[in-house]
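Student: My file is upload-v1.cif. It has mmCIF, C-alpha atoms and all ligand atoms:
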```cif
data_final
#
loop_
_atom_site.label_atom_id
_atom_site.label_comp_id
_atom_site.auth_asym_id
_atom_site.auth_seq_id
_atom_site.Cartn_x
_atom_site.Cartn_y
_atom_site.Cartn_z
CA MET A 138 -9.73 -13.91 -42.24
CA THR A 139 -9.94 -17.20 -44.21
CA LYS A 140 -9.23 -20.57 -42.59
CA LEU A 141 -6.01 -20.74 -44.63
CA GLN A 142 -4.80 -17.40 -43.23
CA GLN A 143 -5.53 -18.62 -39.73
CA LEU A 144 -3.40 -21.72 -40.23
CA PRO A 145 -0.03 -20.27 -39.11
CA ASN A 146 -1.63 -19.12 -35.88
CA ALA A 147 -3.26 -22.48 -35.35
CA ILE A 148 0.07 -24.22 -35.92
CA ALA A 149 1.88 -21.82 -33.60
CA PHE A 150 -0.77 -22.38 -30.94
CA PHE A 151 -0.50 -26.16 -31.32
CA LEU A 152 3.30 -26.04 -31.21
CA ALA A 153 3.20 -23.84 -28.13
CA LEU A 154 0.88 -26.26 -26.41
CA SER A 155 2.79 -29.38 -27.44
CA SER A 156 6.18 -27.95 -26.45
CA SER A 157 4.79 -27.09 -23.07
CA SER A 158 4.15 -30.33 -21.34
CA PHE A 159 5.46 -28.67 -18.18
CA ALA A 160 3.62 -25.42 -18.78
CA GLN A 161 1.69 -23.82 -15.95
CA THR A 162 -1.77 -24.40 -17.35
CA THR A 163 -3.65 -22.50 -14.67
CA PRO A 164 -3.04 -19.25 -12.77
CA SER A 165 -0.89 -19.47 -9.65
CA PRO A 166 -3.00 -19.51 -6.45
CA GLU A 167 -2.02 -15.89 -5.70
CA ALA A 168 -3.00 -14.75 -9.22
CA GLN A 169 -6.31 -16.63 -8.97
CA ALA A 170 -7.02 -15.01 -5.59
CA LEU A 171 -6.43 -11.53 -7.08
CA ILE A 172 -8.61 -12.26 -10.10
CA GLU A 173 -11.47 -13.16 -7.77
CA GLU A 174 -10.92 -10.52 -5.09
CA LEU A 175 -10.55 -7.55 -7.43
CA GLY A 176 -12.81 -8.81 -10.24
CA LEU A 177 -10.11 -8.86 -12.94
CA ARG A 178 -11.57 -9.69 -16.33
CA ALA A 179 -10.08 -11.88 -19.04
CA ALA A 180 -10.46 -11.04 -22.74
CA THR A 181 -13.31 -12.81 -24.49
CA ALA A 182 -10.94 -14.39 -27.06
CA PRO A 183 -7.62 -16.21 -26.64
CA VAL A 184 -4.60 -14.11 -27.59
CA ALA A 185 -3.64 -16.93 -29.96
CA ASN A 186 -6.53 -15.84 -32.18
CA ARG A 187 -4.87 -12.49 -32.82
CA PRO A 188 -3.23 -12.08 -36.25
CA ASP A 189 0.40 -13.29 -36.30
CA TRP A 190 0.52 -14.14 -32.60
CA ARG A 191 4.00 -15.55 -31.95
CA PRO A 192 5.27 -15.82 -28.38
CA ARG A 193 8.94 -16.35 -29.31
CA ASN A 194 10.38 -13.63 -27.10
CA VAL A 195 9.23 -11.04 -24.60
CA ALA A 196 11.14 -8.07 -23.18
CA VAL A 197 10.53 -7.19 -19.55
CA LEU A 198 11.44 -3.88 -17.92
CA VAL A 199 12.22 -4.72 -14.29
CA LEU A 200 11.60 -1.84 -11.90
CA PRO A 201 13.19 -2.11 -8.45
CA LEU A 202 10.10 -1.09 -6.48
CA PRO A 203 9.26 -1.56 -2.79
CA GLY A 204 7.68 -4.98 -2.29
CA ILE A 205 9.38 -6.42 -5.39
CA ASP A 206 12.10 -9.02 -4.99
CA VAL A 207 13.77 -8.67 -8.40
CA ASP A 208 15.27 -12.19 -8.42
CA GLU A 209 11.99 -13.77 -7.38
CA PHE A 210 10.17 -11.75 -10.07
CA LYS A 211 12.61 -12.94 -12.77
CA GLN A 212 12.29 -16.56 -11.64
CA ALA A 213 8.49 -16.37 -11.71
CA LEU A 214 8.60 -14.87 -15.20
CA HIS A 215 10.89 -17.65 -16.45
CA LYS A 216 8.56 -20.26 -14.97
CA ALA A 217 5.54 -18.64 -16.61
CA ALA A 218 7.28 -18.10 -19.96
CA ASP A 219 6.93 -21.70 -21.06
CA GLY A 220 9.84 -21.62 -23.50
CA THR A 221 9.36 -18.02 -24.56
CA ASP A 222 12.71 -16.19 -24.40
CA ILE A 223 12.88 -13.28 -21.99
CA THR A 224 15.16 -10.26 -22.31
CA PHE A 225 15.35 -8.14 -19.20
CA LEU A 226 15.64 -4.36 -19.36
CA LYS A 227 16.29 -2.00 -16.47
CA PRO A 228 15.52 1.70 -16.00
CA GLY A 229 19.14 2.82 -16.59
CA ASP A 230 19.44 1.10 -19.98
CA SER A 231 20.26 3.41 -22.86
CA SER A 232 17.69 4.29 -25.45
CA GLU A 233 19.81 2.36 -28.01
CA THR A 234 19.69 -0.81 -25.89
CA GLN A 235 15.93 -0.51 -25.47
CA ALA A 236 15.48 0.19 -29.20
CA GLN A 237 17.62 -2.84 -30.09
CA VAL A 238 15.50 -5.12 -27.91
CA LEU A 239 12.13 -3.67 -28.90
CA LYS A 240 12.98 -3.94 -32.60
CA SER A 241 12.56 -7.70 -32.57
CA THR A 242 10.43 -8.56 -29.55
CA ASP A 243 6.95 -10.13 -29.74
CA GLY A 244 5.83 -8.86 -26.36
CA PHE A 245 6.83 -6.12 -23.92
CA ILE A 246 6.11 -5.83 -20.21
CA GLY A 247 6.96 -2.31 -19.05
CA LEU A 248 5.70 1.20 -19.67
CA CYS A 249 3.67 2.06 -22.75
CA THR A 250 5.16 5.39 -23.86
CA PRO A 251 5.59 7.23 -27.17
CA SER A 252 9.26 6.14 -27.33
CA VAL A 253 8.37 2.45 -26.81
CA LEU A 254 5.72 2.66 -29.54
CA LYS A 255 8.21 4.40 -31.84
CA GLN A 256 10.99 1.87 -31.20
CA ALA A 257 8.71 -1.18 -31.48
CA GLY A 258 9.41 -3.47 -34.42
CA GLN A 259 6.85 -5.12 -36.64
CA ASN A 260 6.70 -8.29 -34.52
CA LEU A 261 5.33 -6.58 -31.43
CA ARG A 262 1.90 -8.00 -30.62
CA TRP A 263 1.50 -7.31 -26.89
CA ILE A 264 2.36 -4.56 -24.41
CA HIS A 265 1.59 -4.98 -20.71
CA ASN A 266 1.64 -1.48 -19.20
CA TYR A 267 2.66 -1.18 -15.54
CA PHE A 268 0.64 2.07 -15.42
CA VAL A 269 -3.16 2.07 -15.20
CA GLY A 270 -3.67 5.43 -16.89
CA MET A 271 -3.22 5.16 -20.64
CA ASP A 272 -2.59 8.88 -21.15
CA MET A 273 1.18 8.21 -21.65
CA CYS A 274 0.49 5.46 -24.20
CA LYS A 275 0.35 7.85 -27.14
CA GLY A 276 1.87 8.07 -30.59
CA TYR A 277 0.74 4.67 -31.91
CA SER A 278 0.15 4.16 -35.63
CA GLU A 279 -3.13 2.85 -37.06
CA THR A 280 -1.36 -0.46 -37.75
CA GLN A 281 -0.20 -0.70 -34.13
CA LEU A 282 -3.73 0.04 -32.97
CA ASP A 283 -4.91 -3.01 -34.91
CA THR A 284 -2.02 -5.38 -34.24
CA ILE A 285 -0.84 -4.73 -30.66
CA THR A 286 -2.93 -5.97 -27.75
CA ILE A 287 -2.51 -3.73 -24.72
CA THR A 288 -3.07 -4.81 -21.13
CA ASN A 289 -2.53 -2.77 -17.97
CA THR A 290 -2.76 -2.83 -14.17
CA LYS A 291 -6.32 -1.56 -13.81
CA ARG A 292 -8.11 -2.53 -10.59
CA LEU A 293 -4.78 -3.50 -8.92
CA SER A 294 -4.26 -0.11 -7.26
CA GLY A 295 -7.87 -0.02 -6.05
CA PRO A 296 -7.19 -0.99 -2.39
CA ALA A 297 -4.35 1.51 -1.85
CA ILE A 298 -6.11 4.38 -3.63
CA ALA A 299 -9.36 3.71 -1.81
CA GLU A 300 -7.55 3.86 1.54
CA HIS A 301 -5.93 7.11 0.44
CA ALA A 302 -9.27 8.63 -0.61
CA ILE A 303 -10.90 7.64 2.68
CA ALA A 304 -7.87 8.94 4.60
CA MET A 305 -8.27 12.34 2.93
CA LEU A 306 -12.03 12.30 3.55
CA LEU A 307 -11.75 11.50 7.26
CA ALA A 308 -8.92 14.01 7.68
CA LEU A 309 -11.13 16.71 6.14
CA THR A 310 -14.27 15.88 8.12
CA ARG A 311 -12.34 15.65 11.41
CA ASP A 312 -10.17 18.72 10.66
CA VAL A 313 -6.96 16.72 11.04
CA PRO A 314 -4.76 19.14 8.98
CA ALA A 315 -5.46 21.94 11.49
CA TYR A 316 -4.39 19.69 14.38
CA VAL A 317 -1.25 18.57 12.57
CA ARG A 318 -0.34 22.20 12.00
CA ALA A 319 -1.01 22.98 15.69
CA GLN A 320 1.03 19.95 16.78
CA THR A 321 4.09 21.13 14.84
CA GLU A 322 3.80 24.36 16.89
CA ARG A 323 3.14 22.46 20.20
CA ARG A 324 -0.27 24.13 20.54
CA PHE A 325 -3.05 22.25 22.37
CA GLN A 326 -5.89 24.09 20.77
CA ARG A 327 -9.41 23.03 19.75
CA SER A 328 -10.34 23.84 16.16
CA PRO A 329 -13.69 25.58 15.73
CA GLN A 330 -14.27 23.42 12.65
CA THR A 331 -13.98 19.91 14.06
CA GLY A 332 -17.06 17.86 13.30
CA MET A 333 -19.16 21.00 13.05
CA LYS A 334 -19.98 21.84 9.47
CA PHE A 335 -20.06 18.45 7.81
CA GLY A 336 -20.97 16.21 10.72
CA GLU A 337 -20.41 12.48 10.45
CA LEU A 338 -20.08 10.29 7.38
CA LYS A 339 -22.72 7.82 8.56
CA ASN A 340 -25.95 8.19 6.55
CA LYS A 341 -24.37 10.72 4.18
CA THR A 342 -24.28 10.03 0.43
CA MET A 343 -21.14 9.44 -1.61
CA LEU A 344 -21.16 9.63 -5.41
CA VAL A 345 -18.34 7.60 -6.98
CA VAL A 346 -17.72 8.84 -10.52
CA GLY A 347 -16.23 5.91 -12.46
CA LEU A 348 -17.18 2.67 -10.75
CA GLY A 349 -14.17 0.68 -12.01
CA GLY A 350 -11.50 -1.03 -9.95
CA ILE A 351 -10.64 2.05 -7.89
CA GLY A 352 -14.20 3.34 -7.68
CA THR A 353 -15.47 -0.03 -6.45
CA GLU A 354 -12.91 -0.18 -3.64
CA ILE A 355 -13.75 3.40 -2.56
CA ALA A 356 -17.45 2.51 -2.63
CA ARG A 357 -16.85 -0.63 -0.56
CA ARG A 358 -15.07 1.35 2.16
CA ALA A 359 -17.55 4.24 2.17
CA HIS A 360 -20.40 1.75 2.55
CA GLY A 361 -18.48 0.13 5.40
CA LEU A 362 -18.45 3.53 7.14
CA GLY A 363 -22.23 3.67 6.95
CA MET A 364 -22.54 5.87 3.86
CA ARG A 365 -25.14 5.46 1.14
CA VAL A 366 -23.18 5.03 -2.11
CA ILE A 367 -24.28 5.86 -5.64
CA ALA A 368 -22.03 5.76 -8.71
CA THR A 369 -21.66 6.30 -12.44
CA ARG A 370 -20.17 4.11 -15.15
CA ARG A 371 -19.78 4.61 -18.87
CA SER A 372 -21.19 1.44 -20.30
CA SER A 373 -23.40 -0.35 -17.79
CA ARG A 374 -25.66 0.09 -14.79
CA ALA A 375 -24.32 -3.04 -13.11
CA GLY A 376 -22.70 -2.69 -9.70
CA PRO A 377 -22.07 -4.53 -6.44
CA ASP A 378 -24.80 -4.69 -3.81
CA PHE A 379 -23.08 -2.06 -1.63
CA VAL A 380 -23.78 0.52 -4.35
CA GLU A 381 -27.42 1.58 -4.16
CA ARG A 382 -27.70 2.94 -7.71
CA VAL A 383 -25.46 3.06 -10.78
CA GLY A 384 -26.16 5.75 -13.37
CA LEU A 385 -24.62 6.50 -16.74
CA SER A 386 -22.36 9.45 -17.51
CA ASN A 387 -25.22 11.67 -18.72
CA GLU A 388 -26.80 11.43 -15.23
CA LEU A 389 -23.71 12.88 -13.55
CA HIS A 390 -25.12 16.31 -12.69
CA ASP A 391 -28.43 14.97 -11.35
CA MET A 392 -26.60 12.47 -9.17
CA ALA A 393 -24.11 15.10 -7.96
CA ALA A 394 -27.04 17.06 -6.52
CA GLU A 395 -27.73 14.15 -4.15
CA ALA A 396 -24.16 13.73 -2.90
CA ASP A 397 -22.38 15.00 0.22
CA VAL A 398 -19.10 13.55 -1.05
CA ILE A 399 -18.01 13.09 -4.67
CA ALA A 400 -15.05 10.91 -5.59
CA ASN A 401 -13.42 11.16 -9.03
CA ALA A 402 -12.07 7.73 -9.99
CA LEU A 403 -12.31 8.25 -13.76
CA PRO A 404 -9.72 7.47 -16.40
CA LEU A 405 -8.67 10.47 -18.51
CA THR A 406 -10.35 10.13 -21.90
CA SER A 407 -11.73 12.50 -24.50
CA GLU A 408 -15.08 12.21 -22.68
CA THR A 409 -13.78 12.84 -19.15
CA ALA A 410 -11.30 15.70 -19.79
CA GLY A 411 -12.66 18.77 -17.98
CA ILE A 412 -15.82 16.96 -16.83
CA PHE A 413 -15.56 18.54 -13.33
CA ASN A 414 -16.13 22.11 -14.47
CA ARG A 415 -18.21 25.08 -13.42
CA ASP A 416 -21.49 23.48 -14.57
CA PHE A 417 -20.67 20.39 -12.56
CA PHE A 418 -19.77 22.28 -9.38
CA ASP A 419 -22.93 24.41 -9.77
CA ALA A 420 -24.91 21.15 -9.76
CA THR A 421 -23.42 19.85 -6.49
CA LYS A 422 -24.98 20.21 -3.05
CA ARG A 423 -23.64 23.32 -1.33
CA GLY A 424 -20.74 22.36 0.94
CA ALA A 425 -20.05 18.98 -0.70
CA ILE A 426 -16.57 17.45 -0.40
CA PHE A 427 -14.72 16.68 -3.65
CA LEU A 428 -12.10 13.91 -3.76
CA SER A 429 -9.97 13.42 -6.86
CA VAL A 430 -7.81 10.32 -7.37
CA GLY A 431 -8.33 9.64 -11.11
CA ARG A 432 -6.52 12.16 -13.29
CA GLY A 433 -6.04 15.89 -12.72
CA LYS A 434 -7.12 16.92 -16.20
CA SER A 435 -10.68 15.73 -15.55
CA THR A 436 -11.04 18.83 -13.38
CA VAL A 437 -10.95 22.44 -14.57
CA THR A 438 -8.67 23.82 -11.88
CA ALA A 439 -9.89 27.44 -12.10
CA ASP A 440 -13.49 26.26 -11.66
CA LEU A 441 -12.50 24.09 -8.68
CA VAL A 442 -10.81 27.08 -7.04
CA THR A 443 -13.92 29.25 -7.59
CA ALA A 444 -16.19 26.55 -6.14
CA LEU A 445 -13.99 26.26 -3.02
CA GLU A 446 -13.67 30.01 -2.59
CA SER A 447 -17.42 30.53 -2.83
CA GLY A 448 -18.24 27.72 -0.39
CA GLN A 449 -20.12 25.78 -3.09
CA LEU A 450 -17.60 23.04 -2.29
CA GLY A 451 -16.89 22.62 1.42
CA ALA A 452 -13.51 20.93 1.01
CA ALA A 453 -11.35 18.93 -1.41
CA GLY A 454 -8.87 16.07 -1.20
CA LEU A 455 -6.69 16.05 -4.31
CA ASP A 456 -4.16 13.37 -5.16
CA VAL A 457 -4.20 14.49 -8.79
CA THR A 458 -4.17 18.06 -10.08
CA ASP A 459 -3.84 19.93 -13.31
CA PRO A 460 -1.07 20.70 -13.89
CA GLU A 461 1.31 18.37 -12.07
CA PRO A 462 3.33 19.41 -10.24
CA LEU A 463 0.87 22.02 -8.98
CA PRO A 464 2.66 25.39 -9.33
CA LYS A 465 3.65 27.24 -6.16
CA SER A 466 1.38 30.10 -7.24
CA SER A 467 -1.79 27.96 -7.09
CA PRO A 468 -4.31 29.27 -4.51
CA LEU A 469 -5.14 25.65 -3.66
CA TRP A 470 -1.96 25.40 -1.55
CA ASP A 471 -3.21 28.02 0.92
CA MET A 472 -6.73 26.72 1.41
CA PRO A 473 -7.17 25.21 4.89
CA ASN A 474 -10.01 22.99 3.62
CA VAL A 475 -7.88 21.38 0.88
CA ILE A 476 -5.51 18.43 1.19
CA ILE A 477 -3.06 17.95 -1.67
CA THR A 478 -0.94 14.83 -2.12
CA PRO A 479 1.51 14.53 -5.03
CA HIS A 480 -0.07 11.71 -7.10
CA VAL A 481 0.92 9.02 -4.63
CA ALA A 482 -2.40 7.35 -3.80
CA ALA A 483 -1.48 4.09 -5.52
CA ALA A 484 1.97 3.83 -3.99
CA SER A 485 2.13 0.83 -1.68
CA ALA A 486 4.29 -2.26 -1.56
CA ASP A 487 1.08 -4.30 -1.87
CA THR A 488 0.08 -2.51 -5.10
CA PHE A 489 3.50 -3.22 -6.63
CA ARG A 490 3.35 -6.83 -5.49
CA ARG A 491 -0.08 -7.26 -7.11
CA GLY A 492 1.37 -5.71 -10.28
CA GLN A 493 4.17 -8.28 -10.26
CA ILE A 494 1.76 -11.21 -9.85
CA ILE A 495 -0.44 -10.08 -12.73
CA ALA A 496 2.52 -9.32 -15.04
CA VAL A 497 3.67 -12.92 -14.49
CA GLU A 498 0.15 -14.26 -15.01
CA ASN A 499 -0.28 -12.32 -18.26
CA LEU A 500 3.08 -13.58 -19.53
CA ARG A 501 1.84 -17.12 -18.85
CA ARG A 502 -1.32 -16.36 -20.81
CA PHE A 503 0.59 -14.74 -23.70
CA ALA A 504 3.01 -17.65 -23.90
CA THR A 505 0.26 -20.25 -23.90
CA GLY A 506 -2.08 -18.26 -26.16
CA THR A 507 -4.96 -17.98 -23.69
CA PRO A 508 -7.12 -14.86 -22.96
CA LEU A 509 -5.15 -11.99 -21.41
CA LEU A 510 -6.26 -10.19 -18.27
CA ASN A 511 -7.00 -6.45 -18.09
CA GLU A 512 -7.19 -5.71 -21.80
CA VAL A 513 -7.41 -2.03 -22.71
CA ASP A 514 -9.35 -0.49 -25.58
CA LEU A 515 -7.07 2.33 -26.69
CA ARG A 516 -9.85 3.82 -28.82
CA LYS A 517 -11.93 4.28 -25.63
CA GLY A 518 -8.84 5.36 -23.66
CA TYR A 519 -9.06 2.81 -20.82
N1 LIG B 601 -3.93 8.63 -8.27
C1 LIG B 601 -3.17 7.66 -8.75
O1 LIG B 601 -2.05 7.47 -8.32
C2 LIG B 601 -3.74 6.72 -9.79
C3 LIG B 601 -3.22 5.42 -9.87
C4 LIG B 601 -3.77 4.52 -10.75
C5 LIG B 601 -4.78 4.92 -11.60
N2 LIG B 601 -5.26 6.20 -11.55
C6 LIG B 601 -6.32 6.63 -12.48
O2 LIG B 601 -7.53 5.96 -12.13
C7 LIG B 601 -8.18 5.56 -13.34
C8 LIG B 601 -9.14 4.40 -13.04
O3 LIG B 601 -8.41 3.23 -12.67
P1 LIG B 601 -9.18 1.83 -12.46
O4 LIG B 601 -8.17 0.85 -12.05
O5 LIG B 601 -10.38 2.04 -11.62
O6 LIG B 601 -9.65 1.58 -13.96
P2 LIG B 601 -10.90 0.76 -14.51
O7 LIG B 601 -11.12 -0.44 -13.66
O8 LIG B 601 -10.67 0.60 -15.96
O9 LIG B 601 -12.16 1.73 -14.26
C9 LIG B 601 -12.50 2.82 -15.06
C10 LIG B 601 -13.98 3.08 -14.80
O10 LIG B 601 -14.32 4.36 -15.30
C11 LIG B 601 -15.61 4.24 -15.92
N3 LIG B 601 -15.77 5.32 -16.89
C12 LIG B 601 -15.04 5.59 -18.00
N4 LIG B 601 -15.51 6.69 -18.61
C13 LIG B 601 -16.56 7.13 -17.87
C14 LIG B 601 -17.46 8.21 -17.97
N5 LIG B 601 -17.40 9.08 -18.98
N6 LIG B 601 -18.42 8.35 -17.01
C15 LIG B 601 -18.52 7.46 -15.98
N7 LIG B 601 -17.68 6.41 -15.82
C16 LIG B 601 -16.73 6.25 -16.76
C17 LIG B 601 -15.61 2.88 -16.56
O11 LIG B 601 -16.95 2.49 -16.82
P3 LIG B 601 -17.33 1.04 -17.44
O12 LIG B 601 -16.98 0.04 -16.36
O13 LIG B 601 -18.80 1.11 -17.64
O14 LIG B 601 -16.52 0.87 -18.67
C18 LIG B 601 -14.90 2.06 -15.49
O15 LIG B 601 -15.82 1.58 -14.56
C19 LIG B 601 -7.03 5.22 -14.27
O16 LIG B 601 -7.41 5.30 -15.63
C20 LIG B 601 -5.97 6.24 -13.91
O17 LIG B 601 -6.05 7.38 -14.75
C21 LIG B 601 -4.77 7.11 -10.64
#
```
Show me the file's structure as structure tokens.

Tutor:
Amino acid sequence: MTKLQQLPNAIAFFLALSSSSFAQTTPSPEAQALIEELGLRAATAPVANRPDWRPRNVAVLVLPLPGIDVDEFKQALHKAADGTDITFLKPGDSSETQAQVLKSTDGFIGLCTPSVLKQAGQNLRWIHNYFVGMDMCKGYSETQLDTITITNTKRLSGPAIAEHAIAMLLALTRDVPAYVRAQTERRFQRSPQTGMKFGELKNKTMLVVGLGGIGTEIARRAHGLGMRVIATRRSSRAGPDFVERVGLSNELHDMAAEADVIANALPLTSETAGIFNRDFFDATKRGAIFLSVGRGKSTVTADLVTALESGQLGAAGLDVTDPEPLPKSSPLWDMPNVIITPHVAAASADTFRRGQIIAVENLRRFATGTPLLNEVDLRKGY
């Protein structure tokens, strides 16, 4: 782009700054605390550098979720907007209303779905997706891929999902499901399984597959329980000091052979679809426990069932399955060594509250043209 072509952006950026003498120029203390605690990353370049960046108006879908005070959320958005107009949408709005708003908006905070991408007008330059998984954000044109910056809520559900993963793990190793079943029948009966086969978590090895926001929080907690933690990432071997070794995706099978517990915290991408298949389960230690909190389609369900039936896997804790909902006919329902939860690991008032804080913070950044948090590369899929 020539300097002349950049001029409208430069002017818009200057005007935005000069009209914002009362603008919030730094993150709120709660946003700053989250950025530091969960390691949220800002884009390398200011959003004002993007072609035709214009923060004139932003549409916000307000979801009445636990932990969210809708009025407080709207006030915080107005404060952050710095003169940018906000149009609020709600879940019950008709498709026509949404289409009317999206036709002319510069930014959208809500859910990135095929219908949003279809209804978006030519001005749309930013979508902040309340979901972490980008598998619903489909149907974009090549032009949209180049012109719309996408951000999401990655890392924000890490604490809740990590607690859920550890809850499933401890329940499996201590045979809690058998005792809950006995309790509903008022039976005071010792299970022959408790603590026997697997033993204790201390000094066992956990492999976290996908050391992102969720994977890091699982690793932190597993380390806190005395486990040795190893992990994989796609693009780097860097990791926190509580992870002993970080490998790349092509080391997955070798690392699985070392692990007593494997946790899937991967995004669903073209590279990760079906990655937990027969070859993978053949490579695990016999009797390993498999936890899955990323996306169900990373696992080949038939191969998972075979591995559990043969004892190659000792147990599984599944928050995500393929398909969802899991059909009544699935043999997984009847397995005493399997815990299934219906894709709820992230659900917590604290997760939603963190999502609210970061939506407000990213609106502030969009309005003032500074680098956005949690940018997604749709070509990579996360
Ligand atoms: N169960 C639920 O309710 C629930 C809720 C929220 C999210 N999720 C799922 O969890 C996923 C992860 O969320 P997050 O917040 O942790 O996202 P994130 O911070 O973006 O982390 C994704 C991690 O996966 C790694 N990765 C990607 N492809 C890989 C591969 N082929 N092999 C090894 N590692 C790979 C990335 O490596 P690099 O760091 O090297 O790029 C990154 O560390 C989401 O995409 C979503 O599908 C599930």

Student: Which residue gives the smallest distance to Thr443 in chain A among A:Val184, A:Leu469, A:Leu385, A:Leu226, with all atoms listed in the file counted?

Tutor: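 Smallest distance to Thr443 in chain A is found for A:Leu469.
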
Student: Could you check the closest approach to Arg423 in chain A for each of A:Glu300, A:Glu408, A:Glu395, A:Glu174 and tell me which residue wins, using all atoms listed in the file?

Tutor: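 Of A:Glu300, A:Glu408, A:Glu395, A:Glu174, the one nearest Arg423 in chain A, counting all atoms listed in the file, is A:Glu395.
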
Student: May I have the residues within 7 Å of ligand LIG 601 (chain B), computed using all atoms listed in the file, as a compact mmCIF listing (two decimals) with C-alpha atoms, in the frame of the given file?

Tutor:
```
# COMPACT_ATOMS: atom_id res chain seq x y z
CA PHE A 268 0.64 2.07 -15.42
CA VAL A 269 -3.16 2.07 -15.20
CA GLY A 270 -3.67 5.43 -16.89
CA MET A 271 -3.22 5.16 -20.64
CA THR A 290 -2.76 -2.83 -14.17
CA LYS A 291 -6.32 -1.56 -13.81
CA ARG A 292 -8.11 -2.53 -10.59
CA LEU A 293 -4.78 -3.50 -8.92
CA SER A 294 -4.26 -0.11 -7.26
CA GLY A 295 -7.87 -0.02 -6.05
CA ILE A 298 -6.11 4.38 -3.63
CA VAL A 346 -17.72 8.84 -10.52
CA GLY A 347 -16.23 5.91 -12.46
CA LEU A 348 -17.18 2.67 -10.75
CA GLY A 349 -14.17 0.68 -12.01
CA GLY A 350 -11.50 -1.03 -9.95
CA ILE A 351 -10.64 2.05 -7.89
CA GLY A 352 -14.20 3.34 -7.68
CA THR A 369 -21.66 6.30 -12.44
CA ARG A 370 -20.17 4.11 -15.15
CA ARG A 371 -19.78 4.61 -18.87
CA SER A 372 -21.19 1.44 -20.30
CA SER A 373 -23.40 -0.35 -17.79
CA LEU A 385 -24.62 6.50 -16.74
CA SER A 386 -22.36 9.45 -17.51
CA ALA A 402 -12.07 7.73 -9.99
CA LEU A 403 -12.31 8.25 -13.76
CA PRO A 404 -9.72 7.47 -16.40
CA LEU A 405 -8.67 10.47 -18.51
CA GLU A 408 -15.08 12.21 -22.68
CA THR A 409 -13.78 12.84 -19.15
CA VAL A 430 -7.81 10.32 -7.37
CA GLY A 431 -8.33 9.64 -11.11
CA ARG A 432 -6.52 12.16 -13.29
CA ASP A 456 -4.16 13.37 -5.16
CA VAL A 457 -4.20 14.49 -8.79
CA HIS A 480 -0.07 11.71 -7.10
CA VAL A 481 0.92 9.02 -4.63
CA ALA A 482 -2.40 7.35 -3.80
CA ALA A 483 -1.48 4.09 -5.52
CA ALA A 484 1.97 3.83 -3.99
CA TYR A 519 -9.06 2.81 -20.82
```

Student: Point out the residue among A:Gln320, A:Thr478, A:Thr250, A:Asn387 with the least atom-to-atom distance to Asp272 in chain A, counting all atoms listed in the file.

Tutor: A:Thr250

Student: Record the distance separating CA of Gly424 in chain A and CA of Lys341 in chain A, expressed in Å with one decimal.

Tutor: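 CA of Lys341 in chain A lies 12.6 Å from CA of Gly424 in chain A.
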
Student: For a quick check of your reading of the model, name the residues lying within 7 Å of the coordinate (-24.0, 11.3, 3.3), counting only C-alpha atoms, and write them as a VMD selection string.

Tutor: chain A and resid 338 to 343 364 to 365 396 to 398

Student: Keeping only C-alpha atoms, write the selected residues to a file as a short mmCIF file (atom, residue, chain, number, x, y, z; two decimals), in the frame of the given file.

Tutor:
```cif
data_model
loop_
_atom_site.label_atom_id
_atom_site.label_comp_id
_atom_site.auth_asym_id
_atom_site.auth_seq_id
_atom_site.Cartn_x
_atom_site.Cartn_y
_atom_site.Cartn_z
CA LEU A 338 -20.08 10.29 7.38
CA LYS A 339 -22.72 7.82 8.56
CA ASN A 340 -25.95 8.19 6.55
CA LYS A 341 -24.37 10.72 4.18
CA THR A 342 -24.28 10.03 0.43
CA MET A 343 -21.14 9.44 -1.61
CA MET A 364 -22.54 5.87 3.86
CA ARG A 365 -25.14 5.46 1.14
CA ALA A 396 -24.16 13.73 -2.90
CA ASP A 397 -22.38 15.00 0.22
CA VAL A 398 -19.10 13.55 -1.05
#
```

Student: For a quick check of your reading of the model, name the residues lying within 6 Å of the coordinate (-1.9, -1.5, -3.1), counting all atoms listed in the file, and write them as an MDAnalysis selection string.

Tutor: chainID A and resid 294 296:297 485 487:488

Student: Need the shell around range 243-247 of chain A: protein/DNA/RNA residues with any atom at most 9 Å away, counting only C-alpha atoms. Skip same-chain ones fewer than 3 positions apart. Format as a ChimeraX atom specification?

Tutor: /A:190-200,226,239,258-268,285,496,500,503

Student: Taking 6 positions as the minimum chain separation for residues in the same chain, which residues sit within 8 Å of Phe489 in chain A when counting all atoms listed in the file? Answer as a ChimeraX atom specification.

Tutor: /A:202-205

Student: So for range 483-487 of chain A, what box centre and size do we get, axis-aligned, 4 Å extra on each of the six sides, every listed atom, Å to one decimal, as AutoDock Vina command-line options?

Tutor:
```
--center_x 1.4 --center_y -0.1 --center_z -3.5 --size_x 13.8 --size_y 16.4 --size_z 12.0
```

Student: What gap, in Å, lies between CA of Gln161 in chain A and CA of Lys216 in chain A?

Tutor: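 Atom-to-atom, CA of Gln161 in chain A to CA of Lys216 in chain A, that is 7.8 Å.
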
Student: Looking at all atoms listed in the file, which of A:Asn401, A:Tyr316, A:Pro164, A:Leu344 is the one that sits closest to Glu381 in chain A?

Tutor: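 Among the listed residues, the smallest separation from Glu381 in chain A belongs to A:Leu344.
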
Student: Using Å and a single decimal, report how far CA of Ala179 in chain A sits from CA of Thr286 in chain A.

Tutor: 12.7 Å

Student: Identify which of the residues A:Lys227, A:Arg502, A:Arg187, A:Arg358 lies closest to Thr284 in chain A, counting all atoms listed in the file when measuring atom-to-atom distances.

Tutor: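 Using all atoms listed in the file, Thr284 in chain A sits closest to A:Arg187.
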